[in-house]
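Shown here: final11.cif, mmCIF, C-alpha atoms and all ligand atoms.
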data_upload
#
loop_
_atom_site.label_atom_id
_atom_site.label_comp_id
_atom_site.auth_asym_id
_atom_site.auth_seq_id
_atom_site.Cartn_x
_atom_site.Cartn_y
_atom_site.Cartn_z
CA MET A 1 -36.02 -61.36 72.22
CA ALA A 2 -32.24 -61.57 72.06
CA GLU A 3 -30.14 -64.69 71.83
CA GLU A 4 -30.85 -67.51 74.25
CA LYS A 5 -27.38 -67.51 75.73
CA ILE A 6 -27.72 -63.89 76.84
CA ILE A 7 -30.93 -64.80 78.62
CA THR A 8 -29.70 -67.97 80.23
CA GLY A 9 -25.99 -67.26 80.58
CA VAL A 10 -25.51 -63.54 81.10
CA ILE A 11 -28.56 -61.89 82.61
CA PRO A 12 -28.81 -64.26 85.63
CA GLN A 13 -25.29 -63.21 86.62
CA PHE A 14 -26.54 -59.74 87.58
CA ALA A 15 -28.40 -58.71 90.73
CA CYS A 16 -31.52 -57.55 88.86
CA GLN A 17 -34.79 -57.79 90.78
CA GLY A 18 -37.75 -59.88 89.61
CA ALA A 19 -38.40 -62.24 86.71
CA LEU A 20 -37.14 -61.44 83.22
CA ARG A 21 -39.97 -60.62 80.81
CA GLU A 22 -38.15 -59.10 77.84
CA CYS A 23 -34.66 -58.49 76.46
CA ALA A 24 -34.67 -56.19 73.43
CA VAL A 25 -31.92 -54.59 71.34
CA PHE A 26 -31.84 -50.89 72.18
CA GLY A 27 -30.32 -47.53 71.15
CA SER A 28 -28.20 -46.37 68.24
CA GLY A 29 -24.63 -46.22 69.60
CA HIS A 30 -21.76 -47.10 67.27
CA ILE A 31 -19.67 -49.03 69.79
CA ASN A 32 -21.35 -51.24 72.38
CA ASP A 33 -24.25 -53.68 71.98
CA THR A 34 -27.08 -52.39 74.12
CA TYR A 35 -30.21 -54.23 75.33
CA ARG A 36 -33.16 -53.08 77.37
CA LEU A 37 -34.22 -55.62 80.00
CA THR A 38 -37.71 -55.68 81.48
CA PHE A 39 -38.35 -57.53 84.74
CA ASP A 40 -41.55 -58.19 86.63
CA ASP A 41 -40.93 -57.75 90.33
CA GLY A 42 -44.18 -58.87 91.98
CA GLY A 43 -46.27 -56.74 89.66
CA LEU A 44 -43.80 -53.87 89.62
CA GLN A 45 -41.98 -53.34 86.32
CA ARG A 46 -38.22 -52.83 86.62
CA ARG A 47 -36.05 -52.05 83.63
CA TYR A 48 -32.30 -52.19 83.11
CA ILE A 49 -29.73 -51.52 80.40
CA LEU A 50 -27.47 -54.46 79.57
CA GLN A 51 -24.36 -53.78 77.53
CA ARG A 52 -21.82 -56.01 75.87
CA MET A 53 -18.75 -53.78 75.92
CA ASN A 54 -16.92 -53.66 72.64
CA ARG A 55 -13.78 -55.64 73.42
CA THR A 56 -11.93 -54.60 70.27
CA VAL A 57 -12.32 -50.95 71.27
CA PHE A 58 -11.96 -51.42 75.03
CA THR A 59 -9.20 -53.89 75.70
CA LYS A 60 -8.93 -53.38 79.47
CA PRO A 61 -12.42 -53.80 80.91
CA ALA A 62 -11.26 -53.84 84.54
CA GLU A 63 -9.69 -50.41 84.12
CA LEU A 64 -12.65 -49.11 82.17
CA MET A 65 -15.09 -50.25 84.84
CA GLU A 66 -12.91 -48.80 87.58
CA ASN A 67 -13.28 -45.42 85.85
CA VAL A 68 -17.04 -45.82 85.46
CA SER A 69 -17.47 -46.94 89.10
CA GLY A 70 -15.31 -44.10 90.37
CA VAL A 71 -16.97 -41.40 88.29
CA THR A 72 -20.55 -42.55 88.96
CA ALA A 73 -19.89 -42.81 92.72
CA TRP A 74 -18.41 -39.30 92.66
CA LEU A 75 -21.38 -37.90 90.71
CA ARG A 76 -23.79 -39.67 93.03
CA ARG A 77 -22.28 -37.91 96.01
CA LYS A 78 -22.35 -34.50 94.35
CA ILE A 79 -25.93 -34.96 93.17
CA GLN A 80 -27.00 -35.95 96.70
CA GLN A 81 -25.25 -32.88 98.14
CA ASN A 82 -27.13 -30.69 95.63
CA GLY A 83 -30.47 -32.28 96.57
CA GLY A 84 -30.87 -34.09 93.23
CA ASP A 85 -32.04 -37.62 92.43
CA PRO A 86 -28.97 -39.87 92.15
CA GLU A 87 -30.98 -42.74 90.62
CA ARG A 88 -31.80 -40.62 87.58
CA GLU A 89 -29.13 -37.96 87.29
CA THR A 90 -26.21 -40.34 86.96
CA LEU A 91 -25.76 -43.86 85.67
CA ASN A 92 -26.06 -46.52 88.39
CA LEU A 93 -24.26 -49.81 87.95
CA VAL A 94 -26.04 -53.01 88.95
CA PRO A 95 -23.36 -55.41 90.25
CA THR A 96 -23.10 -59.09 89.49
CA ARG A 97 -24.35 -61.48 92.16
CA GLY A 98 -20.70 -61.91 93.12
CA GLY A 99 -20.37 -58.16 93.68
CA SER A 100 -18.33 -57.28 90.60
CA SER A 101 -19.06 -54.30 88.34
CA TYR A 102 -18.99 -56.47 85.22
CA TYR A 103 -19.18 -60.09 84.05
CA THR A 104 -16.90 -61.95 81.66
CA ASP A 105 -18.70 -64.74 79.79
CA PRO A 106 -17.04 -68.02 78.73
CA GLU A 107 -16.32 -66.55 75.29
CA GLY A 108 -14.45 -63.64 76.85
CA GLU A 109 -17.13 -61.01 76.20
CA TYR A 110 -17.57 -58.34 78.87
CA TRP A 111 -21.01 -57.35 80.15
CA ARG A 112 -22.41 -54.73 82.51
CA VAL A 113 -25.83 -53.57 83.67
CA TYR A 114 -27.16 -50.11 84.56
CA LEU A 115 -30.48 -49.07 86.01
CA PHE A 116 -32.68 -47.94 83.12
CA ILE A 117 -33.44 -44.23 83.37
CA GLU A 118 -37.20 -44.01 82.94
CA GLY A 119 -39.21 -41.22 81.37
CA ALA A 120 -36.33 -39.83 79.33
CA SER A 121 -35.21 -39.99 75.69
CA CYS A 122 -32.10 -39.72 73.57
CA PHE A 123 -32.06 -37.93 70.22
CA ASP A 124 -29.97 -38.59 67.14
CA GLN A 125 -30.75 -35.13 65.84
CA VAL A 126 -31.75 -31.86 67.48
CA GLN A 127 -35.56 -31.69 67.71
CA SER A 128 -35.77 -28.25 69.27
CA ASP A 129 -33.39 -25.47 70.29
CA ASP A 130 -34.24 -26.15 73.88
CA ASP A 131 -33.08 -29.79 73.77
CA PHE A 132 -29.75 -28.68 72.44
CA TYR A 133 -29.48 -25.89 75.00
CA GLN A 134 -30.30 -28.38 77.76
CA SER A 135 -27.62 -30.78 76.56
CA ALA A 136 -25.09 -27.93 76.55
CA VAL A 137 -25.90 -26.96 80.13
CA ALA A 138 -25.66 -30.60 81.18
CA PHE A 139 -22.30 -31.27 79.52
CA GLY A 140 -20.92 -28.01 80.95
CA HIS A 141 -22.27 -28.91 84.37
CA PHE A 142 -20.84 -32.43 84.08
CA GLN A 143 -17.42 -30.96 83.49
CA ARG A 144 -17.82 -28.67 86.48
CA LEU A 145 -18.91 -31.54 88.77
CA LEU A 146 -15.77 -33.44 87.81
CA ALA A 147 -13.45 -30.43 87.97
CA ASP A 148 -11.92 -31.57 91.26
CA TYR A 149 -12.05 -35.32 90.50
CA PRO A 150 -8.62 -36.88 91.11
CA ALA A 151 -7.70 -37.08 87.43
CA GLN A 152 -4.55 -39.12 88.08
CA THR A 153 -6.74 -42.06 89.20
CA LEU A 154 -8.45 -42.28 85.80
CA HIS A 155 -7.17 -44.86 83.34
CA GLU A 156 -6.75 -43.90 79.71
CA THR A 157 -9.43 -46.24 78.31
CA ILE A 158 -8.49 -45.58 74.70
CA ALA A 159 -4.95 -44.42 74.19
CA ARG A 160 -4.53 -41.22 72.14
CA PHE A 161 -8.30 -40.91 71.78
CA HIS A 162 -8.38 -37.24 70.79
CA ASP A 163 -4.79 -37.07 69.60
CA THR A 164 -5.67 -35.59 66.22
CA PRO A 165 -2.09 -35.61 64.86
CA ASP A 166 -1.97 -39.33 65.62
CA ARG A 167 -5.37 -39.86 63.96
CA PHE A 168 -3.99 -38.02 60.94
CA ARG A 169 -0.90 -40.24 60.83
CA ARG A 170 -3.13 -43.34 61.04
CA LEU A 171 -5.23 -42.14 58.12
CA ARG A 172 -2.12 -41.65 56.00
CA GLU A 173 -0.91 -45.14 56.90
CA ALA A 174 -4.31 -46.67 56.13
CA ALA A 175 -4.33 -44.98 52.72
CA GLU A 176 -0.82 -46.23 51.99
CA ALA A 177 -1.53 -49.78 53.14
CA ASP A 178 -4.89 -49.75 51.33
CA VAL A 179 -5.74 -53.25 52.53
CA CYS A 180 -9.22 -53.22 51.01
CA GLY A 181 -8.29 -51.53 47.74
CA ARG A 182 -10.55 -48.60 48.56
CA ALA A 183 -8.08 -45.69 48.45
CA ALA A 184 -8.77 -45.04 44.77
CA LEU A 185 -12.45 -44.60 45.62
CA VAL A 186 -11.82 -41.78 48.08
CA GLY A 187 -9.40 -39.48 46.25
CA PRO A 188 -11.27 -36.21 46.97
CA GLU A 189 -11.79 -37.12 50.64
CA LEU A 190 -8.13 -38.02 51.12
CA SER A 191 -7.00 -34.79 49.46
CA PHE A 192 -9.37 -32.82 51.67
CA ALA A 193 -7.80 -34.38 54.75
CA MET A 194 -4.19 -34.18 53.57
CA GLU A 195 -4.52 -30.45 52.84
CA ARG A 196 -5.30 -29.92 56.52
CA GLU A 197 -2.34 -31.43 58.34
CA GLY A 198 -1.77 -28.09 60.13
CA LEU A 199 -5.33 -28.15 61.50
CA ALA A 200 -4.69 -31.59 63.00
CA HIS A 201 -1.94 -30.07 65.19
CA ALA A 202 -3.76 -26.88 66.20
CA LEU A 203 -4.93 -27.83 69.72
CA ALA A 204 -2.29 -30.38 70.69
CA GLY A 205 0.36 -27.63 70.51
CA LEU A 206 -1.56 -25.39 72.92
CA LEU A 207 -1.78 -28.18 75.48
CA GLU A 208 1.92 -28.94 75.17
CA ASN A 209 2.96 -25.33 75.71
CA GLY A 210 0.69 -25.00 78.73
CA GLU A 211 -1.78 -22.50 77.23
CA LEU A 212 -4.69 -24.86 77.86
CA PRO A 213 -5.36 -26.83 81.07
CA LEU A 214 -5.92 -30.57 81.10
CA ARG A 215 -9.34 -31.36 82.59
CA VAL A 216 -11.50 -34.40 83.25
CA THR A 217 -13.69 -34.53 80.16
CA HIS A 218 -16.35 -36.84 78.74
CA ASN A 219 -14.79 -37.02 75.27
CA ASP A 220 -17.90 -38.31 73.47
CA THR A 221 -20.46 -35.55 73.96
CA LYS A 222 -22.85 -36.24 71.15
CA LEU A 223 -26.49 -35.51 71.66
CA ASN A 224 -27.49 -39.16 71.96
CA ASN A 225 -25.21 -39.50 74.97
CA ILE A 226 -27.55 -37.38 77.03
CA LEU A 227 -31.02 -38.26 78.31
CA ILE A 228 -33.70 -35.58 78.15
CA ASP A 229 -36.67 -35.80 80.52
CA ASP A 230 -39.91 -36.50 78.60
CA ALA A 231 -42.03 -34.46 81.02
CA THR A 232 -39.88 -31.40 81.75
CA GLY A 233 -37.67 -31.27 78.64
CA ARG A 234 -34.63 -30.82 80.87
CA ALA A 235 -31.44 -32.85 80.51
CA VAL A 236 -31.50 -35.58 83.14
CA CYS A 237 -28.32 -37.56 82.78
CA VAL A 238 -25.04 -37.72 80.91
CA ILE A 239 -24.46 -41.32 79.76
CA ASP A 240 -21.80 -43.31 77.88
CA LEU A 241 -18.98 -42.76 80.35
CA ASP A 242 -16.51 -45.14 78.68
CA THR A 243 -14.29 -42.34 77.48
CA VAL A 244 -14.20 -40.13 80.57
CA MET A 245 -10.51 -39.28 80.71
CA PRO A 246 -8.28 -36.26 81.05
CA GLY A 247 -8.77 -34.04 77.99
CA LEU A 248 -9.48 -30.51 76.79
CA SER A 249 -12.74 -28.64 77.34
CA ALA A 250 -12.64 -27.83 73.61
CA TYR A 251 -12.99 -31.57 72.85
CA ASP A 252 -16.28 -31.80 74.70
CA PHE A 253 -17.61 -28.56 73.30
CA GLY A 254 -16.40 -29.42 69.79
CA ASP A 255 -17.85 -32.91 69.66
CA SER A 256 -21.28 -31.64 70.67
CA ILE A 257 -21.20 -29.01 67.95
CA ARG A 258 -20.02 -31.53 65.38
CA PHE A 259 -23.04 -33.73 65.96
CA GLY A 260 -25.77 -31.37 67.11
CA ALA A 261 -25.22 -28.19 65.08
CA SER A 262 -25.47 -30.01 61.77
CA THR A 263 -28.63 -29.63 59.71
CA GLY A 264 -28.33 -33.27 58.64
CA ALA A 265 -27.75 -36.66 60.21
CA GLU A 266 -24.18 -37.86 60.74
CA ASP A 267 -24.66 -40.42 57.97
CA GLU A 268 -26.81 -38.35 55.57
CA ARG A 269 -26.09 -39.33 51.97
CA ASP A 270 -27.55 -36.18 50.44
CA LEU A 271 -24.87 -33.64 51.30
CA SER A 272 -27.08 -30.74 50.24
CA LYS A 273 -28.94 -31.41 53.50
CA VAL A 274 -25.79 -31.13 55.61
CA SER A 275 -24.55 -27.74 56.76
CA PHE A 276 -23.27 -26.10 59.90
CA ASP A 277 -26.06 -24.20 61.63
CA LEU A 278 -24.78 -21.03 63.31
CA HIS A 279 -28.03 -20.56 65.18
CA LEU A 280 -27.72 -23.99 66.83
CA TYR A 281 -24.08 -23.23 67.54
CA GLU A 282 -25.14 -20.10 69.39
CA VAL A 283 -27.77 -22.02 71.35
CA TYR A 284 -25.08 -24.47 72.47
CA VAL A 285 -22.50 -21.78 73.34
CA ARG A 286 -25.05 -20.07 75.58
CA GLY A 287 -25.82 -23.32 77.42
CA PHE A 288 -22.25 -24.57 77.69
CA VAL A 289 -20.87 -21.30 79.07
CA GLU A 290 -23.73 -21.24 81.55
CA GLY A 291 -23.18 -24.90 82.56
CA CYS A 292 -19.44 -24.39 83.07
CA ALA A 293 -20.31 -21.40 85.30
CA GLY A 294 -17.01 -19.57 85.07
CA ALA A 295 -14.87 -22.71 85.24
CA LEU A 296 -13.23 -22.10 81.85
CA THR A 297 -10.18 -19.87 81.37
CA GLU A 298 -10.22 -17.03 78.83
CA ARG A 299 -7.91 -19.06 76.58
CA GLU A 300 -10.22 -22.07 76.75
CA LEU A 301 -13.10 -19.86 75.62
CA ASP A 302 -10.97 -18.49 72.76
CA VAL A 303 -10.36 -21.94 71.31
CA LEU A 304 -13.90 -23.33 71.48
CA PRO A 305 -14.59 -22.54 67.78
CA LEU A 306 -11.34 -24.27 66.88
CA GLY A 307 -12.43 -27.26 68.98
CA ALA A 308 -15.57 -27.54 66.87
CA VAL A 309 -13.67 -27.64 63.57
CA LEU A 310 -11.03 -29.93 64.96
CA MET A 311 -13.38 -32.52 66.49
CA THR A 312 -15.37 -32.61 63.26
CA PHE A 313 -12.22 -33.03 61.22
CA GLU A 314 -10.94 -35.73 63.57
CA CYS A 315 -14.18 -37.66 63.41
CA GLY A 316 -14.17 -37.46 59.61
CA ILE A 317 -10.61 -38.79 59.61
CA ARG A 318 -11.64 -41.65 61.89
CA PHE A 319 -14.59 -42.66 59.70
CA LEU A 320 -12.44 -42.49 56.57
CA THR A 321 -9.66 -44.52 58.19
CA ASP A 322 -12.18 -47.17 59.25
CA TYR A 323 -13.59 -47.29 55.72
CA LEU A 324 -10.10 -47.80 54.30
CA GLU A 325 -9.30 -50.48 56.88
CA GLY A 326 -12.47 -52.48 56.24
CA ASP A 327 -14.94 -51.10 58.82
CA HIS A 328 -13.62 -52.84 61.90
CA TYR A 329 -14.22 -50.05 64.45
CA PHE A 330 -17.59 -48.32 63.98
CA LYS A 331 -20.73 -50.41 63.51
CA ILE A 332 -22.02 -50.07 59.96
CA HIS A 333 -25.48 -50.79 58.57
CA ARG A 334 -24.66 -50.48 54.86
CA PRO A 335 -21.48 -51.01 52.80
CA GLU A 336 -20.37 -47.38 52.45
CA HIS A 337 -21.68 -46.20 55.79
CA ASN A 338 -18.34 -45.00 57.10
CA LEU A 339 -17.58 -43.19 53.86
CA ASP A 340 -20.95 -41.43 53.99
CA ARG A 341 -20.17 -40.42 57.56
CA ALA A 342 -16.72 -39.11 56.61
CA ARG A 343 -18.27 -37.03 53.84
CA THR A 344 -20.78 -35.31 56.14
CA GLN A 345 -17.99 -34.46 58.57
CA PHE A 346 -15.80 -32.96 55.86
CA LYS A 347 -18.71 -30.96 54.50
CA LEU A 348 -19.22 -29.54 58.00
CA VAL A 349 -15.51 -28.76 58.37
CA ARG A 350 -15.56 -26.74 55.17
CA ASP A 351 -18.65 -24.87 56.32
CA MET A 352 -17.22 -24.19 59.79
CA GLU A 353 -13.98 -22.92 58.27
CA ALA A 354 -15.99 -20.40 56.26
CA LYS A 355 -17.88 -19.32 59.38
CA GLN A 356 -14.98 -18.99 61.87
CA ASN A 357 -15.43 -15.21 62.28
CA GLU A 358 -19.10 -15.57 63.15
CA MET A 359 -18.27 -18.46 65.49
CA ARG A 360 -15.73 -16.31 67.33
CA ALA A 361 -18.13 -13.37 67.54
CA ILE A 362 -20.71 -15.60 69.23
CA ILE A 363 -18.16 -16.63 71.86
CA GLU A 364 -17.47 -12.93 72.52
CA LYS A 365 -21.17 -12.34 73.02
CA TYR A 366 -21.44 -14.97 75.78
CA ARG A 367 -17.99 -15.10 77.34
CA ARG A 368 -18.86 -12.81 80.26
CA GLY A 369 -21.70 -15.13 81.23
P1 LIG A 401 -22.56 -46.67 72.78
O1 LIG A 401 -21.18 -46.53 73.37
O2 LIG A 401 -22.69 -47.82 71.89
O3 LIG A 401 -22.96 -45.37 72.17
P2 LIG A 401 -24.30 -45.99 75.04
O4 LIG A 401 -23.78 -46.22 76.42
O5 LIG A 401 -24.29 -44.59 74.56
O6 LIG A 401 -23.51 -46.96 74.03
O7 LIG A 401 -25.79 -46.57 75.00
C1 LIG A 401 -26.51 -46.68 73.78
C2 LIG A 401 -27.91 -46.12 73.95
O8 LIG A 401 -28.61 -46.82 74.99
C3 LIG A 401 -27.98 -44.66 74.35
O9 LIG A 401 -27.87 -43.78 73.26
C4 LIG A 401 -29.33 -44.59 75.06
O10 LIG A 401 -30.39 -44.49 74.10
C5 LIG A 401 -29.46 -45.95 75.72
N1 LIG A 401 -29.06 -45.96 77.15
C6 LIG A 401 -27.82 -46.19 77.64
N2 LIG A 401 -27.83 -46.18 78.98
C7 LIG A 401 -29.11 -45.95 79.38
C8 LIG A 401 -29.78 -45.85 80.65
N3 LIG A 401 -29.12 -46.04 81.81
N4 LIG A 401 -31.11 -45.62 80.66
C9 LIG A 401 -31.82 -45.48 79.50
N5 LIG A 401 -31.23 -45.56 78.27
C10 LIG A 401 -29.91 -45.79 78.20
C1 LIG A 402 -18.74 -43.33 68.85
O1 LIG A 402 -20.18 -44.75 71.29
P1 LIG A 402 -20.83 -43.64 70.51
O2 LIG A 402 -21.70 -44.12 69.40
O3 LIG A 402 -21.51 -42.69 71.48
C2 LIG A 402 -17.30 -43.01 69.21
C3 LIG A 402 -17.10 -41.50 69.25
C4 LIG A 402 -17.46 -40.90 67.91
C5 LIG A 402 -18.89 -41.28 67.57
C6 LIG A 402 -19.29 -40.81 66.20
C7 LIG A 402 -15.64 -44.90 72.00
O4 LIG A 402 -19.60 -42.82 69.86
O5 LIG A 402 -15.74 -41.20 69.55
O6 LIG A 402 -17.33 -39.49 67.93
O7 LIG A 402 -19.08 -42.72 67.62
N1 LIG A 402 -16.98 -43.61 70.50
C8 LIG A 402 -15.84 -44.28 70.67
O8 LIG A 402 -20.67 -40.85 66.09
O9 LIG A 402 -14.98 -44.41 69.79
MG MG A 403 -23.32 -43.54 73.00
#
Could I get this structure in the form of structure tokens?
Amino acid sequence: MAEEKIITGVIPQFACQGALRECAVFGSGHINDTYRLTFDDGGLQRRYILQRMNRTVFTKPAELMENVSGVTAWLRRKIQQNGGDPERETLNLVPTRGGSSYYTDPEGEYWRVYLFIEGASCFDQVQSDDDFYQSAVAFGHFQRLLADYPAQTLHETIARFHDTPDRFRRLREAAEADVCGRAALVGPELSFAMEREGLAHALAGLLENGELPLRVTHNDTKLNNILIDDATGRAVCVIDLDTVMPGLSAYDFGDSIRFGASTGAEDERDLSKVSFDLHLYEVYVRGFVEGCAGALTERELDVLPLGAVLMTFECGIRFLTDYLEGDHYFKIHRPEHNLDRARTQFKLVRDMEAKQNEMRAIIEKYRRG
């Protein structure tokens, strides 16, 4: 059971139904603190997800929750129109008893509650080709459902989130400042990154010159941000909507590949186990192109392989920066966790660079749908 003050101070603020039976730490996200709540409602079990939003990462909770409310209401409507189940196919916020989408506790922590999506699971690594294919269809479909969302109403919840040139600049500054005295420990990793300044700029330029359209994207499309139905094996729901913002389709595609098409875990210490799996990449391309159902331009399809390298590189840069700055952003569970994570990402970047021709050929194979 979690801390007493969550049970007595936070949970009663929300309009959950029944009597609380259990509050347990849940999931493996790197950002928020997540709990699974179990209630007994006259013999009926009701479960919810309670989250303490990370207030260092998300500094404007009202804006963040406005995005989440807007996007989930939009998805709800679309799912209803398509004859789906809106209680399972999108996140559903449970308001506070005062009718707000979130609660601020006396210590200034921000909390929210979602209905728990039953009978579905999240995976930290691909278990079967079909799971990965399903996640690809779902993320593609998600993008299509939001294609006509009024993007100008979305707040930028994290400024410059996928601005890779800016991430690159911040890594250089972190290495120069070297506040923890760790720069000397990461010479090869820093050189690897510094040799690739051109890569950091590759997609940003295409957006600036109008070659790529700005879309509403999820921006954090890793496999464990999708729920797969235990009974049917189909993707049920896209979760973790904190970073839904205008972005490039290549970001969403790329981030999924980064995480899911690796033969090893994101934090694997034995790098011989980490490589980029072209077969899984192909599985994802097939699903994503299908899910987007013709919504992507030819140019967007061209740059998907670049998106994969770039998102992997960017994530490696972010982990390395956090390691140099003293691990204040991503949750860590061991001292060199962020460095281990940076190393897997850079190993994947190298492997993807070597396989760019094959990656492009696979796009050609599926681009006509
Ligand atoms: P983080 O930003 O920390 O990654 P997430 O919103 O992704 O937080 O939630 C963390 C984990 O909690 C997910 O990977 C998933 O396992 C679980 N989870 C989140 N929302 C739900 C939900 N509505 N129903 C069931 N499980 C959920
Ligand atoms: C974080 O929240 P989570 O664990 O789904 C991060 C992503 C990174 C990812 C790396 C808001 O995702 O950008 O790609 O870790 N989310 C945020 O695993 O920074
Ligand atoms: Mg998550």
- Item | Which of A:Leu304, A:Ile239, A:Ala15, A:Ala175 sits closest to ligand MG 403 (chain A) [using all atoms listed in the file] | A:Ile239
- Using all atoms listed in the file, what residues lie at most 12 Å away from (-10.0, -39.8, 47.2) (file coordinates), given as number ranges by chain? A: 172, 175, 178, 181-194, 320-321, 323-324, 339, 342-343
Output C-alpha atoms of each residue in that selection to a file, as an mmCIF file, keeping the file's coordinate frame.
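After the write, out-v1.cif holds the following:
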data_model
loop_
_atom_site.group_PDB
_atom_site.id
_atom_site.type_symbol
_atom_site.label_atom_id
_atom_site.label_comp_id
_atom_site.auth_asym_id
_atom_site.auth_seq_id
_atom_site.Cartn_x
_atom_site.Cartn_y
_atom_site.Cartn_z
ATOM 1 C CA ARG A 172 -2.120 -41.650 56.000
ATOM 2 C CA ALA A 175 -4.330 -44.980 52.720
ATOM 3 C CA ASP A 178 -4.890 -49.750 51.330
ATOM 4 C CA GLY A 181 -8.290 -51.530 47.740
ATOM 5 C CA ARG A 182 -10.550 -48.600 48.560
ATOM 6 C CA ALA A 183 -8.080 -45.690 48.450
ATOM 7 C CA ALA A 184 -8.770 -45.040 44.770
ATOM 8 C CA LEU A 185 -12.450 -44.600 45.620
ATOM 9 C CA VAL A 186 -11.820 -41.780 48.080
ATOM 10 C CA GLY A 187 -9.400 -39.480 46.250
ATOM 11 C CA PRO A 188 -11.270 -36.210 46.970
ATOM 12 C CA GLU A 189 -11.790 -37.120 50.640
ATOM 13 C CA LEU A 190 -8.130 -38.020 51.120
ATOM 14 C CA SER A 191 -7.000 -34.790 49.460
ATOM 15 C CA PHE A 192 -9.370 -32.820 51.670
ATOM 16 C CA ALA A 193 -7.800 -34.380 54.750
ATOM 17 C CA MET A 194 -4.190 -34.180 53.570
ATOM 18 C CA LEU A 320 -12.440 -42.490 56.570
ATOM 19 C CA THR A 321 -9.660 -44.520 58.190
ATOM 20 C CA TYR A 323 -13.590 -47.290 55.720
ATOM 21 C CA LEU A 324 -10.100 -47.800 54.300
ATOM 22 C CA LEU A 339 -17.580 -43.190 53.860
ATOM 23 C CA ALA A 342 -16.720 -39.110 56.610
ATOM 24 C CA ARG A 343 -18.270 -37.030 53.840
#
- Pick out the residues sitting within 12 Å of Tyr149 of chain A, and hand them over as an NGL selection string; count only C-alpha atoms, and ignore anything fewer than 3 positions along from it in its own chain. :A and (67 or 70-75 or 77-78 or 142-146 or 152-154 or 215-217 or 244-246)
Can I get the selected residues back with C-alpha atoms, as a CSV table (one decimal), in the coordinates of the input?
chain,number,residue,atom,x,y,z
A,67,ASN,CA,-13.3,-45.4,85.8
A,70,GLY,CA,-15.3,-44.1,90.4
A,71,VAL,CA,-17.0,-41.4,88.3
A,72,THR,CA,-20.6,-42.6,89.0
A,73,ALA,CA,-19.9,-42.8,92.7
A,74,TRP,CA,-18.4,-39.3,92.7
A,75,LEU,CA,-21.4,-37.9,90.7
A,77,ARG,CA,-22.3,-37.9,96.0
A,78,LYS,CA,-22.4,-34.5,94.4
A,142,PHE,CA,-20.8,-32.4,84.1
A,143,GLN,CA,-17.4,-31.0,83.5
A,144,ARG,CA,-17.8,-28.7,86.5
A,145,LEU,CA,-18.9,-31.5,88.8
A,146,LEU,CA,-15.8,-33.4,87.8
A,152,GLN,CA,-4.6,-39.1,88.1
A,153,THR,CA,-6.7,-42.1,89.2
A,154,LEU,CA,-8.4,-42.3,85.8
A,215,ARG,CA,-9.3,-31.4,82.6
A,216,VAL,CA,-11.5,-34.4,83.2
A,217,THR,CA,-13.7,-34.5,80.2
A,244,VAL,CA,-14.2,-40.1,80.6
A,245,MET,CA,-10.5,-39.3,80.7
A,246,PRO,CA,-8.3,-36.3,81.0
- Message: One decimal, in Å: what's the spacing between atom C7 of ligand LIG 402 (chain A) and atom CA of Gly29 of chain A?
- Response: 9.4 Å
- Counting all atoms listed in the file, which protein, DNA or RNA residues come within 7 Å of ligand LIG 402 (chain A), given as an NGL selection string? :A and (28-32 or 57 or 220 or 222 or 224-225 or 240 or 242-243 or 255 or 315 or 330)
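Note that atom CA of Leu93 of chain A and atom O10 of ligand LIG 401 (chain A) are 16.1 Å apart.
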- Could you name the residues that touch Lys365 of chain A at 12 Å or less, counting only C-alpha atoms, but leaving out those on the same chain fewer than 4 positions away, as a list in words?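 Surrounding residues, per the criterion: Glu282, Val283, Val285, Arg286, Val289, Leu301, Asp302, Glu358, Met359, Arg360, Ala361 and Gly369 of chain A.
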- Item | Shortest interatomic distance to ligand MG 403 (chain A) - which of A:Ala136, A:Ile317, A:Leu223, A:Cys16, counting all atoms listed in the file | A:Leu223
- Query: Given the choices A:Glu195, A:Glu336, A:Asp124, A:Asp41, which gets closest to ligand LIG 401 (chain A) if the distance is worked out from all atoms listed in the file?
  - Reply: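 Checking each of A:Glu195, A:Glu336, A:Asp124, A:Asp41 against ligand LIG 401 (chain A), counting all atoms listed in the file, the winner is A:Asp124.
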- Nearest to ligand MG 403 (chain A) among A:Tyr102, A:Phe26, A:Phe132, A:Phe14, with distances taken over all atoms listed in the file: which residue is it?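 Smallest distance to ligand MG 403 (chain A) is found for A:Phe26.
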- Task: Between A:Arg21, A:Asn209, A:Thr221, A:Glu268, single out the one closest to ligand MG 403 (chain A), counting all atoms listed in the file.
- Result: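 Distance minimum relative to ligand MG 403 (chain A) lands on A:Thr221.
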Could I get segment 23-27 of chain A from the block written out with N, CA and C atoms, as a short mmCIF file (atom, residue, chain, number, x, y, z; two decimals), in the first residue's frame?
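That gives us result.cif:
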data_model
loop_
_atom_site.label_atom_id
_atom_site.label_comp_id
_atom_site.auth_asym_id
_atom_site.auth_seq_id
_atom_site.Cartn_x
_atom_site.Cartn_y
_atom_site.Cartn_z
N CYS A 23 -4.05 0.41 -3.03
CA CYS A 23 -3.37 1.44 -3.83
C CYS A 23 -1.95 0.93 -4.02
N ALA A 24 -1.60 0.52 -5.24
CA ALA A 24 -0.30 -0.12 -5.47
C ALA A 24 0.47 0.61 -6.57
N VAL A 25 1.78 0.73 -6.36
CA VAL A 25 2.65 1.33 -7.39
C VAL A 25 2.51 0.49 -8.65
N PHE A 26 2.51 1.15 -9.81
CA PHE A 26 2.19 0.42 -11.04
C PHE A 26 3.00 0.94 -12.23
N GLY A 27 3.33 0.06 -13.18
CA GLY A 27 3.91 0.47 -14.47
C GLY A 27 5.40 0.73 -14.42
#
